[in-house]
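What follows is a set of notes on a single structure, which appears directly below.
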Amino acid sequence: MSYEGWILLTGSLVGISCGIVGCFLILRKMAMLADAISHTVLLGIVGAYLISNSLEGIYMLIGAAIVGILTAFFVQLLHSSGVQSDAAIGVVFTSLFAVGVILLSLFAGKVHLDTDHALMGEITFIPWDILEINGINLGPKAVWMLGAVLVFNLIIIFLFYKEIKISSFDPDMAVALGIPVLLIHYLLMGMLSLTTVASFDGVGAILVVAMLIVPGATAYLLTDKLSVMLIISAIVGVLSAFAGYFIATIFNVSISGSMAVAAGVIFAITFVFSPTHGLLSRWLARKRLQNKSA
Amino acid sequence: MLKKWAIFMMSMLLLLFIGTGCSSSNEAEKQNGKIVVTTTTGQIADIVKNVGGEHVEVTALMGPGVDPHLYQASQGDIQKLSNADMIFYNGLHLEGKMGEIFEKIAKNKPTIAVAEAIPKDKLIKSQSGANAYDPHVWFDIDLWSYAVKEVRDELSKFDPKHQQDYKKNADEYLKSLQDVKAYAQKQIAQIPEQSRVLITAHDAFGYFGRAYGIEVMGLQGLSTDSEYGLKDVQSLVQTIVSRNIKAVFIESSISEKSIKAVVEGAKKRNHTVTIGGQLFSDAMGEEGTKEGTYIGMYKHNIDTIVSALK
């Protein structure tokens, strides 16, 4: 496959994975959790460096994954004990990030260690980061990793669709029905942190945060049904990847940045023209109502 | 009805983007028999230009003023990497995760980390016991000469036909580097010994200081993420006042804010310290200007430092 093909495939995989997981984040009003994780992973890579004394990517990834899960865990813990979700994210985000910064200046001041550098991947270079087993070229490593994450996410969603749905919309009813709501929430959070960190490693922070929030938010404007929302969100993710690559080619700019911009543009179009929740349709509906009463 | 509208809108968008997104294919431009070389930093591109001469066509991924730590790849970089016959990069984790990509590319085409050719015992370890080194090797001309020799050897290996040219060019370049070094030593000798202190916002000058006996102090650590502490600022101001240091420096790729805090701090203690002009640290100047070449940049740094401190 051509270089372009691999990049488009990677972008689409991120779009689908993050798009689907992002829907649940938006429904639970925790959209900024991904941004929080993009900062707290600093603690993970500093910790990994201090323990392994090496800057190799695999240690960085493991450290980041551990802290990513910790972040989600703490946020959920605070949230379940009554702290508001945005405040919970803010508290965990700043404290873990600050611990990372302090450790960095205390023990690792003389080494090149920053999140952008050690953990965040660059989608432009995906086609060269090949996975090779016994000398057989299996295609880019990131495609395998992101593919595995996507399959994992899909399995969880298919298995627990009903439980996730009820606990997202109406936790009280879920408890009454005997669904282990807390467990489901932790499961979702685990899924989120895994998706986030794997995608960071592949394509970098800006694209992941954009893909986690914007497609879900777009889908939310177009439907009130969870299953449809998941599908639309995935489609918007893929669309953003393609449109973004196109923009990057024209202007010769950052590919992940352009994909994030494309997602934003698609959201803006939907925001105005959505048939149910869009500005235009609501304006028309109001107009019609006025005419009727007049 | 509404649902149909939504589906219709989505599919139209999809068609639009697929149609336009796939139609772009830039064919590789063939460079009339020249070796196409891609490098990461401008400093390495400068070596390849000088050693390769008329036989090579060089492009650097990181343009003027781009801090390698903050470098963002653009779509055109795909072409630069895929069209290249050879790739030279710094190594020692200067390029971060990109370094791992280069190790993979090395299986298919000559991809060389020039700084890794320097004997490890001459490098500055980032901390005792750790497996990481300070990657800013280009400020020590003796170390950078290893990189020049590495480029010469690799070009000769790739293109044995022009081996003689590469050797001749490299010898000339190495000689002019030695001239720059002699110039630097002569100039720096003019600074009073106790004032030979270089204060900048970013510790990129470790090797520079070691090479010329200049003490280097920075506010920031090596990483662009690490923050400077209040105590750092205070102890730096203390040093400036007690050793009568006349100037501190800004770099082309780092913000001025942190260093300005130090200037203000010294002023409160009745010691005037000026901002001694801009030094080039991780990146070089604009192409076509004097500072756009390695030697021009180096001399600019030396002149700026000497005129401000002496």
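Identifiers for the structure tokens are assigned positionally: chains receive A, B, ... in sequence, residues are indexed from 1 per chain, and ligands are indexed from 1 in the order shown.
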Please check the contacts: residues of chain A at most 6 Å away from chain B, using only C-alpha atoms, listed as a short mmCIF file (atom, residue, chain, number, x, y, z; two decimals) with C-alpha atoms, in the first residue's frame.
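And here's part21.cif as it stands now:
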data_model
loop_
_atom_site.label_atom_id
_atom_site.label_comp_id
_atom_site.auth_asym_id
_atom_site.auth_seq_id
_atom_site.Cartn_x
_atom_site.Cartn_y
_atom_site.Cartn_z
CA ASN A 53 17.13 4.76 32.95
CA SER A 54 16.44 4.68 29.25
CA SER A 105 13.18 19.03 37.52
CA GLY A 109 16.72 17.95 34.59
CA LYS A 110 19.62 17.07 32.36
CA VAL A 111 17.86 14.79 29.96
CA HIS A 112 15.65 15.28 26.94
CA LEU A 113 12.37 14.22 28.34
CA ASP A 114 9.13 15.76 27.26
CA HIS A 117 9.26 14.10 22.27
CA ALA A 118 9.22 10.77 24.01
CA ASP A 129 7.42 2.51 11.37
CA ALA A 243 -10.59 15.71 4.47
CA PHE A 246 -6.51 16.57 1.61
CA ALA A 248 -2.55 18.99 4.45
CA THR A 249 -1.62 18.10 0.86
CA ASN A 252 1.80 21.36 2.86
CA VAL A 253 1.15 21.53 6.59
CA SER A 254 0.91 19.21 9.58
CA ILE A 255 -1.31 16.23 8.76
#
As a VMD selection string, please: every residue in stretch 13-237 of chain A that DSSP puts in helix (DSSP H, G or I). chain A and resid 13 to 27 33 to 52 57 to 80 85 to 107 115 to 118 123 to 128 141 to 159 161 to 169 171 to 176 181 to 203 205 to 222 226 to 237
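Within stretch 136-256 of chain B, DSSP run on the backbone puts these residues in strand (DSSP E or B): Val197, Leu198, Ile199, Thr200, Glu215, Val216, Met217, Gly218, Ala247, Val248, Phe249, Ile250 and Glu251 of chain B.
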Atom-to-atom span, atom CA of B:Ile141 and atom CA of B:Lys186, Å: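 A separation of 14.7 Å between them.
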A:Ala260 environment, 10 Å, only C-alpha atoms, sequence neighbours closer than 5 positions dropped, as a PyMOL selection string: chain A and resi 206-211+214+237+240-241+243-244+255+265
Any idea what's packed within 10 Å of B:Ala189, counting only C-alpha atoms, ignoring anything in its chain fewer than 3 positions away? Could you give it as a list in words?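 In the requested form, the answer reads Ala184, Gln185, Lys186, Pro192, Glu193, Arg196, Tyr212, Gly213, Val306 and Lys310 of chain B.
Atom CA of A:Phe267 lies 10.5 Å from atom CA of A:Leu222.
Going from atom CA of B:Thr59 over to atom CA of A:Ala205, you cover 27.4 Å.
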I'd like the neighbourhood of B:Pro64 as a VMD selection string, where a residue qualifies if any of its atoms comes within 9 Å (using only C-alpha atoms), though same-chain residues fewer than 5 positions away should be ignored. chain B and resid 41 to 42 283 to 287 292
Give me a file of those residues, with N, CA and C atoms, as a compact mmCIF listing (two decimals), in the first residue's frame.
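For reference, out-v1.txt as written:
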# COMPACT_ATOMS: atom_id res chain seq x y z
N THR B 41 18.35 18.33 10.87
CA THR B 41 18.65 19.72 11.22
C THR B 41 19.42 20.41 10.10
N GLY B 42 19.42 21.75 10.14
CA GLY B 42 20.15 22.56 9.17
C GLY B 42 21.65 22.37 9.28
N ALA B 283 18.63 25.76 16.17
CA ALA B 283 18.36 25.99 14.76
C ALA B 283 19.33 27.01 14.21
N MET B 284 19.44 27.07 12.91
CA MET B 284 20.30 28.06 12.28
C MET B 284 19.44 29.20 11.72
N GLY B 285 20.11 30.20 11.14
CA GLY B 285 19.39 31.35 10.60
C GLY B 285 18.73 31.05 9.26
N GLU B 286 18.09 32.06 8.69
CA GLU B 286 17.42 31.94 7.40
C GLU B 286 18.41 31.53 6.32
N GLU B 287 17.94 30.73 5.40
CA GLU B 287 18.79 30.33 4.29
C GLU B 287 19.11 31.54 3.43
N GLY B 292 22.77 31.48 8.02
CA GLY B 292 22.12 30.28 7.51
C GLY B 292 23.10 29.15 7.26
Closest of A:Leu289, A:Met30, A:Ile58, A:Ala219 to A:Ala268 - atom-to-atom distances counting only C-alpha atoms: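 Of all the options, A:Ala219 lies closest to A:Ala268.
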What lies within 10 Å of B:Asp171 using only C-alpha atoms, ignoring chain neighbours under 6 positions off, as a compact mmCIF listing (two decimals) with C-alpha atoms, in the first residue's frame?
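Output file result-v6.txt is given in full below:
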# COMPACT_ATOMS: atom_id res chain seq x y z
CA VAL B 51 31.11 17.63 1.52
CA VAL B 148 31.83 15.54 8.98
CA LYS B 149 34.05 12.47 8.60
CA ARG B 152 32.31 11.80 4.01
CA ASP B 165 35.78 14.75 -4.51
CA LEU B 177 36.11 24.43 10.82
